[in-house]
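Peer 1: Before I ask anything, let me first share the structure, which is written out below as structure tokens.
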There are 2 protein chains.
Amino acid sequence: MEILERKQRSREQTRTGIVLTAKEIARREGWQAVSIRKIADAIDYSAPIVYEYFDSKDVLLDEIRNEGFRHLRQEYERIRHVYRDPEKRLFEMSVGQWQFAIDHPEIYQVMYNLDGAYCTLPVCESSEMEAVSAIIREILFSFIPKSKESIQKLYFEWWSLSHGMITLAMMLRDHQPLEQSEQVYRESIRRFVRGLR
Amino acid sequence: MEILERKQRSREQTRTGIVLTAKEIARREGWQAVSIRKIADAIDYSAPIVYEYFDSKDVLLDEIRNEGFRHLRQEYERIRHVYRDPEKRLFEMSVGQWQFAIDHPEIYQVMYNLDGAYCTLPVCESSEMEAVSAIIREILFSFIPKSKESIQKLYFEWWSLSHGMITLAMMLRDHQPLEQSEQVYRESIRRFVRGLR
DNA sequence: GGCTAATATTAACACTGTTAACTTGCCGAT
DNA sequence: ATCGGCAAGTTAACAGTGTTAATATTAGCC
């Protein structure tokens with residue numbers, strides 16, 4: 001019986017199935033094409049079942065977004081353990097951010113409400129995002145011990161540079177190969193890091 | 001004959017009314033709240049009338065986007081006529097871009113598909129956008145006459161910096177006053193311009 | 001006034017997020 | 001063995017979306 005099979009699937013599996021399917025559709029057709037019914041169809045359930053796991057579409061998007069921030073944080077932590085030089089650390093983390101955005105564009109989109117992705121929950125009040133930013137700010141402080149405001153300013157500049165280049169590279173994807181954009185990205189980040197000392 | 005003229009004028013008025021109303025709703029409630037029926041209600045018409053003026057919602061958004069690029073281009077042209085020094089020109093145009101985004105956030109959003117605004121027509125193939133980018137590239141060339149690829153790279157860097165800082169400033173609006181973000185923006189742009197010589 | 005052509009409206013279709021009401025099948029108690 | 005209750009899952013519905021076809025209204029011209 002299919003019904004029995006379905007029952008054997010644990011709640012957790014269904015839950016991750018929902019998240020996985022949402023990302024899959026977003027990747028293939030864009031976030032605007034992601035609907036509760038389409039997700040439900042893909043996991044062989046009716047639409048209301050999705051609401052047993054997520055109070056609303058917004059909450060589902062928020063989960064995916066925070067998952068993205070957690071992923072990014074783990075990558076940052078990994079890099080911090082591999083390198084000791086602050087300059088190398090910041091550079092590698094920047095490259096890590098680039099790679100993450102290229103590898104998981106649909107997640108990057110929902111993290112910053114890009115290209116039709118729209119989650120109304122405020123991204124800035126996410127603790128996951130705070131954790132990510134804290135790592136970068138700590139590195140910035142570690143090789144330029146200045147006031148909190150100065151660090152915040154530097155962080156703002158680093159983030160702008162990285163985020164700006166990533167979004168524009170994705171926008172120009174068809175006009176300019178990603179490899180070339182990455183080249184420019186690495187040069188710019190390197191210049192930024194050099195400029196810190 | 002005169003009747004035709006009057007009709008023509010009335011048509012134009014209705015058309016601009018549609019555009020104006022769309023921007024108004026977007027400004028107040030965000031682009032996700034903009035619907036054809038809401039626009040029609042506001043201009044005292046039924047929904048299908050909107051389709052007499054725009055083939056689809058997408059085309060309407062595209063019009064508003066291109067209007068934005070035209071506005072920006074005019075501002076750039078004005079600045080070019082006021083200043084002769086390339087450094088001053090580039091700096092003032094950057095500030096102009098900042099001011100435009102702050103003054104008309106709903107237009108900036110639809111220009112780059114930000115915050116729920118979503119126009120499927122490719123922004124990169126817009127001739128209006130090409131015109132805007134041509135002005136900046138010309139300035140970059142005027143004080144660093146290098147190869148086309150080099151200029152393209154510099155333009156990419158300038159755009160990333162400017163666009164990145166604008167989007168992040170808007171994101172952090174509630175956590176960091178816009179005046180402070182503008183300060184950082186001006187400093188960063190100044191540094192970028194200095195770095196060109 | 002009556003005919004035509006433009007103009008505007010209503011109704012409909014296939015979607016969307018979301019919720020209430022209903023059905024179904026299973027498990028333990030009598 | 002039958003009944004009750006409970007949980008799981010479904011259908012149906014609501015209000016809203018973009019969009020289009022069929023209908024109604026209005027205006028101008030002979």
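Simple scheme: letters A, B, ... for chains in structure tokens order, numbers from 1 for residues in each chain, numbers from 1 for ligands in the order shown.
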How close is chain B to chain A in C-alpha RMSD after a least-squares fit, all Cα atoms in order?

Peer 2: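 Across the paired C-alpha atoms, the RMSD reaches 2.9 Å.
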
Peer 1: Counting only C-alpha atoms (C1' of nucleotides), what is within 10 Å of DT24 (chain C), bar same-chain residues fewer than 5 positions away, as a ChimeraX atom specification?

Peer 2: /D:8-10

Peer 1: Selection from above, N, CA, C and O atoms (P, O5', C5', C4', C3', O3' and C1' of nucleotides), as a CSV table (one decimal), in the first residue's frame, can you write it?

Peer 2:
```csv
chain,number,residue,atom,x,y,z
D,8,DA,P,-0.9,12.2,13.3
D,8,DA,O5',-1.5,11.8,11.8
D,8,DA,C5',-1.7,10.5,11.5
D,8,DA,C4',-2.2,10.4,10.0
D,8,DA,C3',-1.5,11.4,9.1
D,8,DA,O3',-1.1,10.8,7.9
D,8,DA,C1',-3.9,11.7,9.1
D,9,DG,P,-0.5,11.6,6.8
D,9,DG,O5',-1.7,11.9,5.9
D,9,DG,C5',-2.5,10.9,5.4
D,9,DG,C4',-3.7,11.5,4.6
D,9,DG,C3',-3.3,12.6,3.6
D,9,DG,O3',-3.6,12.3,2.3
D,9,DG,C1',-5.2,13.2,4.9
D,10,DT,P,-3.5,13.2,1.1
D,10,DT,O5',-5.1,13.6,0.9
D,10,DT,C5',-6.0,12.5,0.8
D,10,DT,C4',-7.4,13.1,0.7
D,10,DT,C3',-7.6,14.2,-0.3
D,10,DT,O3',-8.4,13.7,-1.4
D,10,DT,C1',-8.5,14.9,1.8
```

Peer 1: Specify as an mmCIF file with N, CA and C atoms (P, O5', C5', C4', C3', O3' and C1' of nucleotides), in the first residue's frame all residues of chain C found within 12 Å of chain A, counting only C-alpha atoms (C1' of nucleotides).

Peer 2:
```cif
data_model
loop_
_atom_site.group_PDB
_atom_site.id
_atom_site.type_symbol
_atom_site.label_atom_id
_atom_site.label_comp_id
_atom_site.auth_asym_id
_atom_site.auth_seq_id
_atom_site.Cartn_x
_atom_site.Cartn_y
_atom_site.Cartn_z
ATOM 1 P P DC C 15 -3.661 25.593 -14.272
ATOM 2 O "O5'" DC C 15 -2.664 26.364 -13.297
ATOM 3 C "C5'" DC C 15 -3.083 26.629 -11.933
ATOM 4 C "C4'" DC C 15 -2.717 28.037 -11.587
ATOM 5 C "C3'" DC C 15 -2.316 28.218 -10.128
ATOM 6 O "O3'" DC C 15 -0.915 28.018 -9.988
ATOM 7 C "C1'" DC C 15 -3.848 29.916 -10.801
ATOM 8 P P DT C 16 -0.363 27.414 -8.606
ATOM 9 O "O5'" DT C 16 -0.572 28.608 -7.570
ATOM 10 C "C5'" DT C 16 0.220 29.788 -7.685
ATOM 11 C "C4'" DT C 16 -0.214 30.794 -6.648
ATOM 12 C "C3'" DT C 16 -0.285 30.270 -5.238
ATOM 13 O "O3'" DT C 16 1.007 30.326 -4.661
ATOM 14 C "C1'" DT C 16 -2.197 31.600 -5.723
ATOM 15 P P DG C 17 1.272 29.453 -3.317
ATOM 16 O "O5'" DG C 17 0.490 30.262 -2.169
ATOM 17 C "C5'" DG C 17 0.953 31.549 -1.774
ATOM 18 C "C4'" DG C 17 0.102 32.072 -0.631
ATOM 19 C "C3'" DG C 17 0.224 31.261 0.660
ATOM 20 O "O3'" DG C 17 0.174 32.135 1.779
ATOM 21 C "C1'" DG C 17 -2.014 31.204 -0.122
ATOM 22 P P DT C 18 0.413 31.514 3.234
ATOM 23 O "O5'" DT C 18 -1.055 31.047 3.627
ATOM 24 C "C5'" DT C 18 -2.107 32.015 3.693
ATOM 25 C "C4'" DT C 18 -3.408 31.353 4.049
ATOM 26 C "C3'" DT C 18 -3.325 30.344 5.203
ATOM 27 O "O3'" DT C 18 -3.969 30.921 6.329
ATOM 28 C "C1'" DT C 18 -4.757 29.609 3.441
ATOM 29 P P DT C 19 -4.057 30.163 7.735
ATOM 30 O "O5'" DT C 19 -5.527 29.549 7.698
ATOM 31 C "C5'" DT C 19 -6.619 30.383 7.329
ATOM 32 C "C4'" DT C 19 -7.910 29.587 7.315
ATOM 33 C "C3'" DT C 19 -8.075 28.603 8.470
ATOM 34 O "O3'" DT C 19 -9.347 28.842 9.043
ATOM 35 C "C1'" DT C 19 -8.472 27.523 6.403
ATOM 36 P P DA C 20 -9.858 28.073 10.370
ATOM 37 O "O5'" DA C 20 -11.104 27.272 9.775
ATOM 38 C "C5'" DA C 20 -12.024 27.951 8.929
ATOM 39 C "C4'" DA C 20 -13.090 26.990 8.427
ATOM 40 C "C3'" DA C 20 -13.632 26.032 9.488
ATOM 41 O "O3'" DA C 20 -15.029 25.854 9.253
ATOM 42 C "C1'" DA C 20 -12.634 24.787 7.737
ATOM 43 P P DT C 24 -14.818 8.107 2.803
ATOM 44 O "O5'" DT C 24 -13.437 7.457 3.260
ATOM 45 C "C5'" DT C 24 -12.214 8.156 2.998
ATOM 46 C "C4'" DT C 24 -11.120 7.649 3.921
ATOM 47 C "C3'" DT C 24 -11.287 6.187 4.354
ATOM 48 O "O3'" DT C 24 -10.114 5.485 4.024
ATOM 49 C "C1'" DT C 24 -10.806 7.560 6.206
ATOM 50 P P DG C 25 -10.196 3.872 3.836
ATOM 51 O "O5'" DG C 25 -9.065 3.396 4.850
ATOM 52 C "C5'" DG C 25 -7.851 4.133 4.937
ATOM 53 C "C4'" DG C 25 -7.287 4.017 6.334
ATOM 54 C "C3'" DG C 25 -7.318 2.599 6.924
ATOM 55 O "O3'" DG C 25 -6.085 2.363 7.550
ATOM 56 C "C1'" DG C 25 -8.337 4.087 8.412
ATOM 57 P P DC C 26 -5.617 0.830 7.829
ATOM 58 O "O5'" DC C 26 -5.031 0.933 9.305
ATOM 59 C "C5'" DC C 26 -4.246 2.068 9.665
ATOM 60 C "C4'" DC C 26 -4.411 2.348 11.143
ATOM 61 C "C3'" DC C 26 -4.356 1.098 12.043
ATOM 62 O "O3'" DC C 26 -3.366 1.293 13.030
ATOM 63 C "C1'" DC C 26 -6.194 2.470 12.618
#
```

Peer 1: Set the cut-off to 9 Å and count only C-alpha atoms (C1' of nucleotides): what are the residues of chain A that reach chain D? Output as a PyMOL selection string.

Peer 2: chain A and resi 45-46+48-49

Peer 1: Would you mind listing, as a PyMOL selection string, all residues of chain B that have at least one atom within 7 Å of chain A, where only C-alpha atoms are what counts?

Peer 2: chain B and resi 113-118+153+160-161+163-165+168+184

Peer 1: DSSP on the backbone: which residues in region 28-173 of chain B end up as helix (DSSP H, G or I)? Give the answer as JSON, numbers by chain.

Peer 2: {"B": [28, 29, 31, 32, 33, 36, 37, 38, 39, 40, 41, 42, 47, 48, 49, 50, 51, 52, 53, 57, 58, 59, 60, 61, 62, 63, 64, 65, 66, 67, 68, 69, 70, 71, 72, 73, 74, 75, 76, 77, 78, 79, 80, 81, 82, 86, 87, 88, 89, 90, 91, 92, 93, 94, 95, 96, 97, 98, 99, 100, 101, 102, 103, 105, 106, 107, 108, 109, 110, 111, 123, 124, 125, 127, 128, 129, 130, 131, 132, 133, 134, 135, 136, 137, 138, 139, 140, 141, 142, 143, 148, 149, 150, 151, 152, 153, 154, 155, 156, 157, 158, 159, 160, 161, 162, 163, 164, 165, 166, 167, 168, 169, 170, 171]}

Peer 1: Just the residues within 9 Å of region 11-23 of chain A, please, counting only C-alpha atoms (C1' of nucleotides), with nothing from its chain fewer than 5 positions along; format it as a list in words.

Peer 2: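 Counting only C-alpha atoms (C1' of nucleotides), the residues come to Arg28, Trp31, Val34, Ser35, Ile36, Lys38, Ile39, Ala40, Ala42, Ile43, Val50, Tyr53, Phe54, Leu60, Leu61, Glu63, Ile64, Glu106 and Ile107 of chain A.
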
Peer 1: Please produce a file of those selected residues containing N, CA and C atoms, as a CSV table (one decimal), in the first residue's frame.

Peer 2:
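The result, written out as result39.csv:
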```csv
chain,number,residue,atom,x,y,z
A,28,ARG,N,15.1,25.3,-10.6
A,28,ARG,CA,14.7,25.1,-12.0
A,28,ARG,C,13.9,26.2,-12.6
A,31,TRP,N,12.0,31.4,-8.0
A,31,TRP,CA,11.1,31.4,-6.8
A,31,TRP,C,9.7,31.8,-7.1
A,34,VAL,N,7.4,28.8,-7.3
A,34,VAL,CA,7.3,28.0,-6.2
A,34,VAL,C,5.9,28.2,-5.5
A,35,SER,N,5.1,27.2,-5.5
A,35,SER,CA,3.8,27.3,-4.9
A,35,SER,C,3.6,26.1,-3.9
A,36,ILE,N,2.7,26.3,-2.9
A,36,ILE,CA,2.5,25.3,-2.0
A,36,ILE,C,1.9,24.0,-2.6
A,38,LYS,N,2.3,23.0,-5.7
A,38,LYS,CA,3.4,22.3,-6.5
A,38,LYS,C,4.3,21.5,-5.6
A,39,ILE,N,4.6,22.1,-4.4
A,39,ILE,CA,5.4,21.4,-3.5
A,39,ILE,C,4.7,20.1,-3.0
A,40,ALA,N,3.4,20.3,-2.7
A,40,ALA,CA,2.6,19.2,-2.2
A,40,ALA,C,2.5,18.1,-3.2
A,42,ALA,N,4.6,17.4,-5.5
A,42,ALA,CA,5.9,16.7,-5.7
A,42,ALA,C,6.2,15.7,-4.5
A,43,ILE,N,5.7,15.9,-3.3
A,43,ILE,CA,5.9,15.0,-2.3
A,43,ILE,C,4.7,14.1,-2.0
A,50,VAL,N,1.3,20.7,4.0
A,50,VAL,CA,2.5,21.5,4.1
A,50,VAL,C,2.3,22.4,5.3
A,53,TYR,N,3.6,21.5,8.7
A,53,TYR,CA,5.0,21.6,9.0
A,53,TYR,C,5.5,23.0,9.0
A,54,PHE,N,4.8,23.9,8.3
A,54,PHE,CA,5.2,25.3,8.2
A,54,PHE,C,3.9,26.2,8.3
A,60,LEU,N,8.4,29.0,5.7
A,60,LEU,CA,9.2,28.1,4.9
A,60,LEU,C,10.4,28.8,4.3
A,61,LEU,N,10.1,29.9,3.7
A,61,LEU,CA,11.2,30.7,3.0
A,61,LEU,C,12.2,31.1,4.1
A,63,GLU,N,13.0,29.6,6.8
A,63,GLU,CA,13.8,28.4,7.2
A,63,GLU,C,14.9,28.2,6.2
A,64,ILE,N,14.5,28.2,4.9
A,64,ILE,CA,15.5,28.0,3.9
A,64,ILE,C,16.6,29.1,4.0
A,106,GLU,N,19.6,29.7,-5.7
A,106,GLU,CA,18.3,29.9,-5.2
A,106,GLU,C,18.2,30.2,-3.7
A,107,ILE,N,19.3,29.7,-3.0
A,107,ILE,CA,19.3,30.0,-1.5
A,107,ILE,C,19.8,31.5,-1.3
```

Peer 1: Calculate how many Å separate CA of Ser150 (chain B) from CA of Glu179 (chain A), rounding to one decimal.

Peer 2: 15.6 Å
